Amino acid sequence: MTGSAGQRSIVPFVVVGLAIALLIGMVVSNFAASTPDALQRSIINSACRDAPDKEACLLEQEGKPVLEIAPSALLGNQVTWLSGLVGVLATFAIGAGLVVLLRLSGGLSSGTTGHRVE
């Protein structure tokens, strides 16, 4: 694939990079800690604030969604791969949106060098 100026298209590079990021995000997320320290601290500061035994409250709260917005179909299932998938796709969408906005505003040239054409 070549562009109008004989430059190679960046599309295959982006597609392969996205596929690799999705694979890594979906596999590596399975090894994430199920109760990270920051999450425990936020639970203690919110749901367990007035509990006499913070550890017992933490054990009681374990597995419950912090904001109680998780879909009921996903509760009790191991869906860490889904969080990796959503995270990678959301990051890609934000990045692609920024590139499109920059190109529309004239901030980036249509070439692959990243330099402005003046």
# chains A, B, ... in the order shown; residues from 1 in each chain; ligands from 1
$ residues_around --residues "region 27-30 of chain A" --least-positions-apart "3" --cutoff "7 Å" --atoms "only C-alpha atoms" --output "PDB file with N, CA and C atoms, in the first residue's frame"
ATOM      1  N   LEU A  23      -4.295  -8.169  22.361  1.00  0.00           N
ATOM      2  CA  LEU A  23      -3.848  -9.470  22.858  1.00  0.00           C
ATOM      3  C   LEU A  23      -3.157  -9.328  24.213  1.00  0.00           C
ATOM      4  N   ILE A  24      -2.254  -8.370  24.310  1.00  0.00           N
ATOM      5  CA  ILE A  24      -1.548  -8.151  25.579  1.00  0.00           C
ATOM      6  C   ILE A  24      -2.522  -7.703  26.662  1.00  0.00           C
ATOM      7  N   THR A  80     -11.940 -10.523  33.528  1.00  0.00           N
ATOM      8  CA  THR A  80     -10.812  -9.595  33.495  1.00  0.00           C
ATOM      9  C   THR A  80     -10.354  -9.328  32.070  1.00  0.00           C
ATOM     10  N   TRP A  81     -10.532 -10.303  31.173  1.00  0.00           N
ATOM     11  CA  TRP A  81     -10.164 -10.083  29.775  1.00  0.00           C
ATOM     12  C   TRP A  81     -11.021  -8.974  29.173  1.00  0.00           C
ATOM     13  N   GLY A  84      -9.549  -5.619  29.957  1.00  0.00           N
ATOM     14  CA  GLY A  84      -8.419  -5.350  29.064  1.00  0.00           C
ATOM     15  C   GLY A  84      -8.885  -4.916  27.687  1.00  0.00           C
TER      16      GLY A  84
END
$ closest_residue --among "A:Leu59, A:Gln7, A:Phe13, A:Leu22" --to "Leu89 (chain A)" --atoms "only C-alpha atoms"
A:Leu22
$ residues_around --residues "Lys54 (chain A)" --least-positions-apart "4" --cutoff "7 Å" --atoms "only C-alpha atoms" --output "list in words"
Ile44, Cys48 and Leu58 of chain A
$ atom_distance --atom1 "CA of Cys57 (chain A)" --atom2 "CA of Leu82 (chain A)"
27.6 Å
$ closest_residue --among "A:Gly106, A:Gly87, A:Glu60, A:Phe31" --to "Ile43 (chain A)" --atoms "only C-alpha atoms"
A:Glu60
